[in-house]
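One file, run_7.cif, carrying mmCIF, C-alpha atoms and all ligand atoms:
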data_query
loop_
_atom_site.group_PDB
_atom_site.id
_atom_site.type_symbol
_atom_site.label_atom_id
_atom_site.label_comp_id
_atom_site.auth_asym_id
_atom_site.auth_seq_id
_atom_site.Cartn_x
_atom_site.Cartn_y
_atom_site.Cartn_z
ATOM 1 C CA MET W 262 -52.646 13.423 -40.872
ATOM 2 C CA SER W 263 -49.464 14.111 -42.833
ATOM 3 C CA ARG W 264 -47.478 11.155 -44.060
ATOM 4 C CA GLU W 265 -44.462 11.918 -41.828
ATOM 5 C CA LYS W 266 -46.672 12.074 -38.733
ATOM 6 C CA GLU W 267 -47.900 8.588 -39.551
ATOM 7 C CA LEU W 268 -44.284 7.420 -39.177
ATOM 8 C CA LEU W 269 -44.141 8.540 -35.547
ATOM 9 C CA ARG W 270 -44.672 6.237 -32.573
ATOM 10 C CA LYS W 271 -47.574 8.035 -30.899
ATOM 11 C CA GLU W 272 -47.197 5.946 -27.754
ATOM 12 C CA MET W 273 -43.774 7.544 -27.204
ATOM 13 C CA MET W 274 -45.215 11.056 -27.022
ATOM 14 C CA PRO W 275 -44.736 13.523 -25.476
ATOM 15 C CA HIS W 276 -41.130 13.695 -26.585
ATOM 16 C CA MET W 277 -38.321 14.755 -24.253
ATOM 17 C CA LEU W 278 -36.791 17.555 -26.354
ATOM 18 C CA CYS W 279 -36.623 21.007 -24.732
ATOM 19 C CA PRO W 280 -38.587 23.909 -26.285
ATOM 20 C CA GLY W 281 -36.688 25.325 -29.253
ATOM 21 C CA CYS W 282 -34.206 22.453 -29.505
ATOM 22 C CA GLY W 283 -33.018 22.100 -33.089
ATOM 23 C CA HIS W 284 -33.106 18.320 -32.954
ATOM 24 C CA GLY W 285 -36.858 18.190 -33.570
ATOM 25 C CA ILE W 286 -36.407 20.245 -36.748
ATOM 26 C CA VAL W 287 -33.752 17.839 -38.001
ATOM 27 C CA MET W 288 -35.917 14.847 -37.144
ATOM 28 C CA GLY W 289 -38.819 16.442 -39.068
ATOM 29 C CA ALA W 290 -36.606 16.875 -42.142
ATOM 30 C CA MET W 291 -35.478 13.263 -41.934
ATOM 31 C CA LEU W 292 -39.062 12.054 -41.554
ATOM 32 C CA ARG W 293 -40.198 13.960 -44.639
ATOM 33 C CA VAL W 294 -37.439 12.380 -46.721
ATOM 34 C CA LEU W 295 -38.161 8.901 -45.381
ATOM 35 C CA SER W 296 -41.883 9.324 -46.019
ATOM 36 C CA ARG W 297 -41.181 10.245 -49.643
ATOM 37 C CA ARG W 298 -38.695 7.428 -50.261
ATOM 38 C CA PHE W 299 -40.383 4.510 -48.516
ATOM 39 C CA GLU W 300 -43.897 3.135 -48.469
ATOM 40 C CA THR W 301 -43.196 1.599 -45.063
ATOM 41 C CA LEU W 302 -40.119 1.734 -42.831
ATOM 42 C CA ASP W 303 -39.975 -2.054 -42.430
ATOM 43 C CA ASP W 304 -36.625 -2.187 -44.260
ATOM 44 C CA VAL W 305 -35.200 0.927 -42.654
ATOM 45 C CA VAL W 306 -33.051 0.583 -39.540
ATOM 46 C CA LEU W 307 -32.257 3.557 -37.330
ATOM 47 C CA VAL W 308 -29.387 3.013 -34.921
ATOM 48 C CA ALA W 309 -28.439 5.465 -32.179
ATOM 49 C CA GLY W 310 -26.023 5.799 -29.303
ATOM 50 C CA ILE W 311 -26.695 7.901 -26.204
ATOM 51 C CA GLY W 312 -27.757 11.522 -25.972
ATOM 52 C CA CYS W 313 -30.656 13.826 -26.818
ATOM 53 C CA SER W 314 -30.262 13.317 -30.567
ATOM 54 C CA SER W 315 -29.877 9.575 -30.180
ATOM 55 C CA ARG W 316 -33.155 9.517 -28.280
ATOM 56 C CA ILE W 317 -35.144 10.485 -31.375
ATOM 57 C CA VAL W 318 -34.885 7.059 -32.965
ATOM 58 C CA GLY W 319 -37.390 5.918 -30.335
ATOM 59 C CA TYR W 320 -39.983 8.249 -31.854
ATOM 60 C CA ILE W 321 -39.787 6.884 -35.397
ATOM 61 C CA ASP W 322 -41.703 3.753 -36.309
ATOM 62 C CA ALA W 323 -38.875 2.030 -38.194
ATOM 63 C CA CYS W 324 -36.666 -0.827 -37.012
ATOM 64 C CA THR W 325 -34.752 0.936 -34.258
ATOM 65 C CA LEU W 326 -31.840 0.183 -31.996
ATOM 66 C CA HIS W 327 -30.806 2.367 -29.069
ATOM 67 C CA THR W 328 -27.285 1.213 -28.256
ATOM 68 C CA THR W 329 -24.424 2.021 -25.901
ATOM 69 C CA HIS W 330 -22.614 5.346 -25.808
ATOM 70 C CA GLY W 331 -20.519 5.957 -28.925
ATOM 71 C CA ARG W 332 -21.104 2.469 -30.305
ATOM 72 C CA ALA W 333 -23.969 3.025 -32.732
ATOM 73 C CA LEU W 334 -21.706 2.646 -35.774
ATOM 74 C CA THR W 335 -20.454 -0.736 -34.623
ATOM 75 C CA PHE W 336 -23.981 -2.114 -34.186
ATOM 76 C CA ALA W 337 -24.968 -0.563 -37.513
ATOM 77 C CA THR W 338 -21.961 -2.141 -39.250
ATOM 78 C CA GLY W 339 -23.025 -5.567 -38.051
ATOM 79 C CA ILE W 340 -26.594 -5.020 -39.251
ATOM 80 C CA LYS W 341 -25.455 -3.843 -42.678
ATOM 81 C CA LEU W 342 -23.082 -6.782 -43.138
ATOM 82 C CA ALA W 343 -25.736 -9.297 -42.114
ATOM 83 C CA ARG W 344 -28.505 -7.633 -44.166
ATOM 84 C CA PRO W 345 -27.036 -5.538 -47.004
ATOM 85 C CA ASP W 346 -30.552 -5.072 -48.383
ATOM 86 C CA LEU W 347 -31.590 -2.869 -45.453
ATOM 87 C CA THR W 348 -31.254 0.912 -45.354
ATOM 88 C CA VAL W 349 -29.204 1.626 -42.256
ATOM 89 C CA ILE W 350 -29.080 5.104 -40.732
ATOM 90 C CA VAL W 351 -27.062 6.100 -37.674
ATOM 91 C CA VAL W 352 -28.239 9.038 -35.581
ATOM 92 C CA THR W 353 -25.541 10.394 -33.299
ATOM 93 C CA GLY W 354 -24.532 13.551 -31.464
ATOM 94 C CA ASP W 355 -21.173 15.269 -31.553
ATOM 95 C CA GLY W 356 -20.228 14.007 -28.091
ATOM 96 C CA ASP W 357 -21.484 10.494 -28.769
ATOM 97 C CA GLY W 358 -20.122 10.198 -32.309
ATOM 98 C CA LEU W 359 -16.837 12.092 -32.163
ATOM 99 C CA SER W 360 -15.661 11.717 -28.567
ATOM 100 C CA ILE W 361 -16.383 8.316 -27.063
ATOM 101 C CA GLY W 362 -17.313 7.029 -30.530
ATOM 102 C CA GLY W 363 -14.514 8.797 -32.412
ATOM 103 C CA ASN W 364 -12.527 5.660 -33.114
ATOM 104 C CA HIS W 365 -15.563 3.858 -34.524
ATOM 105 C CA PHE W 366 -16.367 6.879 -36.665
ATOM 106 C CA LEU W 367 -12.935 6.818 -38.313
ATOM 107 C CA HIS W 368 -13.058 3.122 -39.075
ATOM 108 C CA ALA W 369 -16.628 3.065 -40.387
ATOM 109 C CA ALA W 370 -15.572 5.764 -42.861
ATOM 110 C CA ARG W 371 -12.335 3.953 -43.746
ATOM 111 C CA ARG W 372 -14.212 0.704 -44.381
ATOM 112 C CA ASN W 373 -16.842 2.522 -46.438
ATOM 113 C CA VAL W 374 -19.642 0.740 -44.617
ATOM 114 C CA GLY W 375 -22.845 1.232 -46.606
ATOM 115 C CA LEU W 376 -24.795 3.379 -44.196
ATOM 116 C CA THR W 377 -25.708 7.007 -43.583
ATOM 117 C CA CYS W 378 -24.423 8.671 -40.423
ATOM 118 C CA VAL W 379 -26.275 11.847 -39.400
ATOM 119 C CA LEU W 380 -24.374 13.889 -36.830
ATOM 120 C CA PHE W 381 -26.570 16.266 -34.807
ATOM 121 C CA ASN W 382 -23.836 18.820 -34.124
ATOM 122 C CA ASN W 383 -24.823 21.224 -31.341
ATOM 123 C CA GLU W 384 -21.342 21.660 -29.871
ATOM 124 C CA THR W 385 -22.224 20.220 -26.509
ATOM 125 C CA TYR W 386 -23.298 17.211 -24.484
ATOM 126 C CA GLY W 387 -26.938 18.194 -24.014
ATOM 127 C CA MET W 388 -28.399 15.245 -22.152
ATOM 128 C CA THR W 389 -25.742 15.144 -19.437
ATOM 129 C CA GLY W 390 -25.676 18.843 -18.597
ATOM 130 C CA GLY W 391 -24.040 20.860 -21.366
ATOM 131 C CA GLN W 392 -20.418 19.826 -21.060
ATOM 132 C CA LEU W 393 -17.583 20.544 -23.466
ATOM 133 C CA ALA W 394 -17.680 18.420 -26.645
ATOM 134 C CA PRO W 395 -15.048 17.851 -29.354
ATOM 135 C CA THR W 396 -16.965 20.301 -31.555
ATOM 136 C CA THR W 397 -17.269 23.121 -28.991
ATOM 137 C CA VAL W 398 -15.705 26.219 -30.493
ATOM 138 C CA LEU W 399 -12.950 28.151 -28.772
ATOM 139 C CA ASN W 400 -14.079 30.664 -26.141
ATOM 140 C CA ALA W 401 -17.565 29.151 -25.809
ATOM 141 C CA TYR W 402 -18.979 28.689 -22.304
ATOM 142 C CA THR W 403 -20.114 25.247 -21.220
ATOM 143 C CA SER W 404 -20.621 23.499 -17.885
ATOM 144 C CA THR W 405 -17.014 22.333 -17.978
ATOM 145 C CA SER W 406 -15.510 25.462 -19.524
ATOM 146 C CA PRO W 407 -16.916 28.210 -17.260
ATOM 147 C CA ASP W 408 -14.113 30.597 -18.301
ATOM 148 C CA GLY W 409 -14.426 29.801 -22.011
ATOM 149 C CA ASN W 410 -13.235 26.849 -24.038
ATOM 150 C CA THR W 411 -9.489 26.666 -24.619
ATOM 151 C CA GLU W 412 -9.523 23.614 -26.936
ATOM 152 C CA PRO W 413 -9.870 23.799 -30.736
ATOM 153 C CA ALA W 414 -12.885 22.071 -32.290
ATOM 154 C CA PHE W 415 -13.011 19.216 -34.742
ATOM 155 C CA ASP W 416 -14.285 19.933 -38.226
ATOM 156 C CA ALA W 417 -16.389 16.768 -38.456
ATOM 157 C CA ALA W 418 -16.806 16.908 -42.229
ATOM 158 C CA ASN W 419 -13.080 17.186 -42.893
ATOM 159 C CA LEU W 420 -12.492 14.355 -40.470
ATOM 160 C CA ALA W 421 -14.921 12.141 -42.412
ATOM 161 C CA ILE W 422 -13.308 13.037 -45.750
ATOM 162 C CA ALA W 423 -9.816 12.291 -44.445
ATOM 163 C CA ALA W 424 -10.965 8.962 -43.015
ATOM 164 C CA GLY W 425 -12.422 7.780 -46.339
ATOM 165 C CA ALA W 426 -16.163 8.554 -46.404
ATOM 166 C CA THR W 427 -17.527 8.473 -49.950
ATOM 167 C CA PHE W 428 -20.256 11.090 -49.447
ATOM 168 C CA VAL W 429 -19.829 14.040 -47.076
ATOM 169 C CA ALA W 430 -22.171 16.993 -46.704
ATOM 170 C CA ARG W 431 -22.990 19.718 -44.212
ATOM 171 C CA GLY W 432 -26.448 21.108 -43.574
ATOM 172 C CA GLN W 433 -28.228 23.298 -41.064
ATOM 173 C CA ALA W 434 -31.337 22.767 -38.987
ATOM 174 C CA PHE W 435 -32.598 26.147 -40.149
ATOM 175 C CA ARG W 436 -32.486 25.482 -43.849
ATOM 176 C CA THR W 437 -34.681 22.429 -43.960
ATOM 177 C CA ASP W 438 -35.217 22.269 -47.728
ATOM 178 C CA ALA W 439 -31.471 22.050 -48.285
ATOM 179 C CA LEU W 440 -31.124 19.616 -45.401
ATOM 180 C CA GLU W 441 -33.758 17.295 -46.868
ATOM 181 C CA ASP W 442 -31.983 17.343 -50.223
ATOM 182 C CA LEU W 443 -28.635 16.475 -48.589
ATOM 183 C CA PHE W 444 -30.156 13.632 -46.577
ATOM 184 C CA ASP W 445 -31.762 12.303 -49.751
ATOM 185 C CA GLN W 446 -28.413 12.356 -51.575
ATOM 186 C CA ALA W 447 -26.672 10.718 -48.606
ATOM 187 C CA LEU W 448 -29.152 7.836 -48.763
ATOM 188 C CA ASP W 449 -28.449 7.385 -52.479
ATOM 189 C CA ASN W 450 -24.767 6.605 -51.838
ATOM 190 C CA ASP W 451 -23.815 2.915 -51.590
ATOM 191 C CA GLY W 452 -20.908 3.494 -49.214
ATOM 192 C CA PHE W 453 -20.376 5.500 -46.032
ATOM 193 C CA SER W 454 -22.318 8.759 -46.119
ATOM 194 C CA PHE W 455 -21.754 11.429 -43.524
ATOM 195 C CA LEU W 456 -24.076 14.364 -42.935
ATOM 196 C CA ASP W 457 -22.879 17.010 -40.465
ATOM 197 C CA VAL W 458 -25.970 18.928 -39.313
ATOM 198 C CA MET W 459 -25.441 22.173 -37.432
ATOM 199 C CA THR W 460 -28.177 22.292 -34.805
ATOM 200 C CA ASP W 461 -28.336 23.768 -31.320
ATOM 201 C CA CYS W 462 -28.990 23.157 -27.649
ATOM 202 C CA THR W 463 -31.259 25.881 -26.300
ATOM 203 C CA GLU W 464 -31.139 24.581 -22.752
ATOM 204 C CA TYR W 465 -27.358 24.690 -22.314
ATOM 205 C CA PHE W 466 -25.242 26.040 -25.154
ATOM 206 C CA VAL W 467 -27.585 28.844 -26.170
ATOM 207 C CA ARG W 468 -28.305 29.822 -22.577
ATOM 208 C CA LYS W 469 -24.716 29.681 -21.315
ATOM 209 C CA ASN W 470 -23.529 31.787 -24.231
ATOM 210 C CA SER W 471 -26.316 34.361 -23.762
ATOM 211 C CA LEU W 472 -27.784 33.721 -27.181
ATOM 212 C CA GLY W 473 -31.358 34.439 -26.119
ATOM 213 C CA HIS W 474 -34.359 33.062 -24.244
ATOM 214 C CA GLY W 475 -37.594 31.458 -25.380
ATOM 215 C CA SER W 476 -38.530 32.526 -28.867
ATOM 216 C CA ASP W 477 -35.403 34.757 -29.044
ATOM 217 C CA ALA W 478 -33.300 31.639 -28.673
ATOM 218 C CA LEU W 479 -35.307 29.945 -31.351
ATOM 219 C CA PHE W 480 -34.697 32.782 -33.808
ATOM 220 C CA SER W 481 -31.044 33.086 -32.808
ATOM 221 C CA GLN W 482 -30.392 29.501 -33.833
ATOM 222 C CA GLY W 483 -29.534 30.491 -37.399
ATOM 223 C CA SER W 484 -26.868 32.909 -36.242
ATOM 224 C CA VAL W 485 -25.543 30.338 -33.772
ATOM 225 C CA ASP W 486 -24.992 28.027 -36.712
ATOM 226 C CA GLU W 487 -23.118 30.701 -38.569
ATOM 227 C CA GLU W 488 -20.954 31.464 -35.547
ATOM 228 C CA ILE W 489 -20.105 27.805 -35.116
ATOM 229 C CA GLN W 490 -19.136 27.593 -38.742
ATOM 230 C CA CYS W 491 -17.166 30.835 -38.607
ATOM 231 C CA ASP W 492 -15.187 29.550 -35.691
ATOM 232 C CA LEU W 493 -14.378 26.260 -37.396
ATOM 233 C CA ALA W 494 -13.394 28.094 -40.552
ATOM 234 C CA ALA W 495 -11.144 30.499 -38.683
ATOM 235 C CA GLY W 496 -9.044 27.757 -37.142
ATOM 236 C CA PRO W 497 -7.306 28.009 -33.791
ATOM 237 C CA THR W 498 -4.508 30.341 -34.882
ATOM 238 C CA LEU W 499 -6.635 32.804 -36.833
ATOM 239 C CA ARG W 500 -9.303 33.423 -34.222
ATOM 240 C CA ALA W 501 -9.914 36.868 -32.825
ATOM 241 C CA ALA W 502 -8.531 37.310 -29.321
ATOM 242 C CA ASP W 503 -11.973 37.860 -27.821
ATOM 243 C CA GLY W 504 -15.524 37.225 -28.946
ATOM 244 C CA TRP W 505 -16.646 35.317 -31.996
ATOM 245 C CA PRO W 506 -14.709 35.490 -35.255
ATOM 246 C CA THR W 507 -16.292 37.101 -38.287
ATOM 247 C CA ARG W 508 -14.559 35.209 -41.074
ATOM 248 C CA ASP W 509 -16.170 33.381 -43.955
ATOM 249 C CA ILE W 510 -18.476 30.611 -42.889
ATOM 250 C CA LEU W 511 -17.686 27.000 -43.593
ATOM 251 C CA PRO W 512 -19.304 25.680 -46.740
ATOM 252 C CA THR W 513 -22.566 23.794 -46.567
ATOM 253 C CA GLY W 514 -23.919 21.423 -49.188
ATOM 254 C CA VAL W 515 -22.186 18.421 -50.692
ATOM 255 C CA LEU W 516 -18.506 18.668 -49.751
ATOM 256 C CA HIS W 517 -17.111 15.424 -51.076
ATOM 257 C CA ARG W 518 -17.960 12.437 -53.246
ATOM 258 C CA ALA W 519 -15.816 9.437 -54.087
ATOM 259 C CA SER W 520 -16.459 6.176 -55.856
ATOM 260 C CA ARG W 521 -15.158 2.944 -54.381
ATOM 261 C CA PRO W 522 -16.806 -0.343 -53.379
ATOM 262 C CA SER W 523 -18.590 -0.535 -50.063
ATOM 263 C CA LEU W 524 -17.468 -3.018 -47.417
ATOM 264 C CA SER W 525 -20.411 -5.317 -48.265
ATOM 265 C CA ALA W 526 -19.469 -5.285 -51.956
ATOM 266 C CA ARG W 527 -15.829 -6.094 -51.167
ATOM 267 C CA LEU W 528 -16.830 -8.996 -48.938
ATOM 268 C CA GLU W 529 -19.141 -10.337 -51.625
ATOM 269 C CA LEU W 530 -16.333 -10.216 -54.192
ATOM 270 C CA ALA W 531 -13.887 -11.862 -51.801
ATOM 271 C CA GLY W 532 -16.409 -14.644 -51.104
ATOM 272 C CA GLN W 533 -16.949 -15.262 -54.822
ATOM 273 C CA ALA W 534 -13.200 -15.457 -55.428
ATOM 274 C CA ALA W 535 -12.769 -17.986 -52.632
ATOM 275 C CA ARG W 536 -15.542 -20.300 -53.934
HETATM 276 S S1 LIG W 601 -30.705 19.473 -23.411
HETATM 277 FE FE1 LIG W 601 -30.184 20.628 -25.279
HETATM 278 S S2 LIG W 601 -29.896 19.072 -26.900
HETATM 279 FE FE2 LIG W 601 -31.010 18.125 -25.193
HETATM 280 S S3 LIG W 601 -33.190 18.317 -25.719
HETATM 281 FE FE3 LIG W 601 -32.637 20.061 -24.412
HETATM 282 S S4 LIG W 601 -32.077 21.698 -25.856
HETATM 283 FE FE4 LIG W 601 -32.041 19.768 -26.995
#

Exercise: express the given structure as structure tokens:
Amino acid sequence: MSREKELLRKEMMPHMLCPGCGHGIVMGAMLRVLSRRFETLDDVVLVAGIGCSSRIVGYIDACTLHTTHGRALTFATGIKLARPDLTVIVVTGDGDGLSIGGNHFLHAARRNVGLTCVLFNNETYGMTGGQLAPTTVLNAYTSTSPDGNTEPAFDAANLAIAAGATFVARGQAFRTDALEDLFDQALDNDGFSFLDVMTDCTEYFVRKNSLGHGSDALFSQGSVDEEIQCDLAAGPTLRAADGWPTRDILPTGVLHRASRPSLSARLELAGQAAR
């Protein structure tokens, strides 16, 4: 049995992900990195909110916490402050992390909390029926935008950079080698690391936007990623009047690094000064 399979909770199988869902690919990449970095996951904490991506923490045999909607970063902040020695990883979706949890996202980045936040960005609320999310691109069809989305999407990576994250990267579910490398680098950072992962929802987003069925949908996932990135890159005023834009894709890879003390380090210094 491969090392990453040994890190799974077998009693939680079968998993609930739909066939072709990109989340399983992202989870596999994360597991491979964790299996290489850690002998056991006893000192690794995975914290999640609510949604299909958040559900995956239940499948990994680390210390795991499945919290309330949008609040994973707040629970994770408390864990990191109480136990700075632990590796804390937040798994969140774009609806969970940027909509209901948007405020927490900004402040975790501003405080430079020493954790890694992995955003499974599939442009939709998968678990609750494929509704519009803050990352849904213009013109895309969702359960709550049957005539096409009229709202511009967040660029999650730029948001994290503006808010103060000290490591920001963007990867894709379909380029797993690069994704593993980015996750590895995110874990190396002492402060707030943000990894925006372009993935997909075959059940809702792919289907509603006629991006294929079955194995077609699976193979179309790469182009879906590119379309999402094209749309974000184009911006609301530069978008073609109909259909998907064809402009340059958004960059992937490491987008930003900064060096400043983490929140735990600042608190430690403040405590020493007071004593
Ligand atoms: S509903 Fe969408 S995001 Fe959720 S498991 Fe199915 S394909 Fe994946």

Practice prompt. Rank nothing, just name the residue among W:Lys271, W:Arg371, W:His276, W:His330 nearest to ligand LIG 601 (chain W), using all atoms listed in the file.
Written response: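 Ranking W:Lys271, W:Arg371, W:His276, W:His330 by distance to ligand LIG 601 (chain W), first place goes to W:His276.
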
Worksheet entry | Selected residue, from W:Asp322, W:Asp442, W:Asp451, W:Asp303, that lies nearest to Lys341 of chain W when counting only C-alpha atoms | W:Asp451

Item to complete: Could you give me, as a list in words, every polymer residue with an atom at most 9 Å away from an atom of ligand LIG 601 (chain W), counting all atoms listed in the file?
Response: Met277, Leu278, Cys279, Pro280, Gly281, Cys282, Gly283, His284, Gly285, Gly312, Cys313, Ser314, Gly354, Asn383, Thr385, Tyr386, Gly387, Met388, Thr389, Gly390, Gly391, Thr460, Asp461, Cys462, Thr463, Glu464, Tyr465, Phe466 and Val467 of chain W

Item to complete: Give me, please, the distance in Å between atom CA of Lys266 of chain W and atom CA of Gly358 of chain W, quoted to one decimal.
Response: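 Atom CA of Gly358 of chain W lies at a distance of 27.4 Å from atom CA of Lys266 of chain W.
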
What lies within 8 Å of Asn373 of chain W using only C-alpha atoms, ignoring chain neighbours under 6 positions off, as a PDB file with C-alpha atoms, keeping the file's coordinate frame?
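The result, stored in around.pdb:
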ATOM      1  CA  GLY W 425     -12.422   7.780 -46.339  1.00  0.00           C
ATOM      2  CA  ALA W 426     -16.163   8.554 -46.404  1.00  0.00           C
ATOM      3  CA  THR W 427     -17.527   8.473 -49.950  1.00  0.00           C
ATOM      4  CA  GLY W 452     -20.908   3.494 -49.214  1.00  0.00           C
ATOM      5  CA  PHE W 453     -20.376   5.500 -46.032  1.00  0.00           C
ATOM      6  CA  PRO W 522     -16.806  -0.343 -53.379  1.00  0.00           C
ATOM      7  CA  SER W 523     -18.590  -0.535 -50.063  1.00  0.00           C
ATOM      8  CA  LEU W 524     -17.468  -3.018 -47.417  1.00  0.00           C
TER       9      LEU W 524
END

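When the PyMOL selection byres (((chain W and resi 421) around 10) and not hetatm) is evaluated on the file shown here, the picked residues come out as Phe366, Leu367, His368, Ala369, Ala370, Arg371, Asp416, Ala417, Ala418, Asn419, Leu420, Ile422, Ala423, Ala424, Gly425, Ala426, Thr427, Phe428, Val429, Ala430, Phe453, Ser454, Phe455, Leu456, Asp457 and His517 of chain W.
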
Worksheet item: Which residue, W:Thr325, W:Thr348, W:Thr338, W:Thr396, has the smallest gap to Asn382 of chain W when you use all atoms listed in the file?
Response: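 Under the stated criterion, the closest residue is W:Thr396.
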
Discussion item. Please enumerate the residues selected by the PyMOL selection byres (((chain W and resi 433) around 7) and not hetatm) when evaluated against the supplied file, formatted as a VMD selection string.
Written reply: chain W and resid 432 434 to 436 440 458 to 460

Keeping only C-alpha atoms, write those residues as a JSON list (two decimals), in the coordinates of the input.
[["chain", "number", "residue", "atom", "x", "y", "z"],
["W", 432, "GLY", "CA", -26.45, 21.11, -43.57],
["W", 434, "ALA", "CA", -31.34, 22.77, -38.99],
["W", 435, "PHE", "CA", -32.60, 26.15, -40.15],
["W", 436, "ARG", "CA", -32.49, 25.48, -43.85],
["W", 440, "LEU", "CA", -31.12, 19.62, -45.40],
["W", 458, "VAL", "CA", -25.97, 18.93, -39.31],
["W", 459, "MET", "CA", -25.44, 22.17, -37.43],
["W", 460, "THR", "CA", -28.18, 22.29, -34.80]]

Worksheet item: With all atoms listed in the file as the basis for distance, which of W:Leu292, W:Ile340, W:Ile311, W:Ala447 is at the shortest distance from Arg518 of chain W?
Response: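 Comparing W:Leu292, W:Ile340, W:Ile311, W:Ala447 against Arg518 of chain W, the winner is W:Ala447.
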
Give, as lines of an AutoDock Vina configuration file, the centre coordinates and the x, y and z edge lengths in Å to one decimal for an axis-aligned box around all listed atoms of segment 387-397 of chain W, padded by 4 Å on each side.
center_x = -21.7
center_y = 19.1
center_z = -25.1
size_x = 21.4
size_y = 16.0
size_z = 21.0

Worksheet item: Of the candidates W:Tyr402, W:Asp357, W:Ala531, W:Met274, which one gets nearest to Ser471 of chain W if we count all atoms listed in the file?
Response: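 Comparing W:Tyr402, W:Asp357, W:Ala531, W:Met274 against Ser471 of chain W, the winner is W:Tyr402.
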
Fill in: atom CA of Arg468 of chain W to atom CA of Gly356 of chain W, distance in Å rounded to a single decimal
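A separation of 18.6 Å between them.
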
Worksheet item: Which one of W:Arg372, W:His327, W:Arg332, W:Arg431 sits closest to Val515 of chain W if you count all atoms listed in the file?
Response: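 Comparing W:Arg372, W:His327, W:Arg332, W:Arg431 against Val515 of chain W, the winner is W:Arg431.
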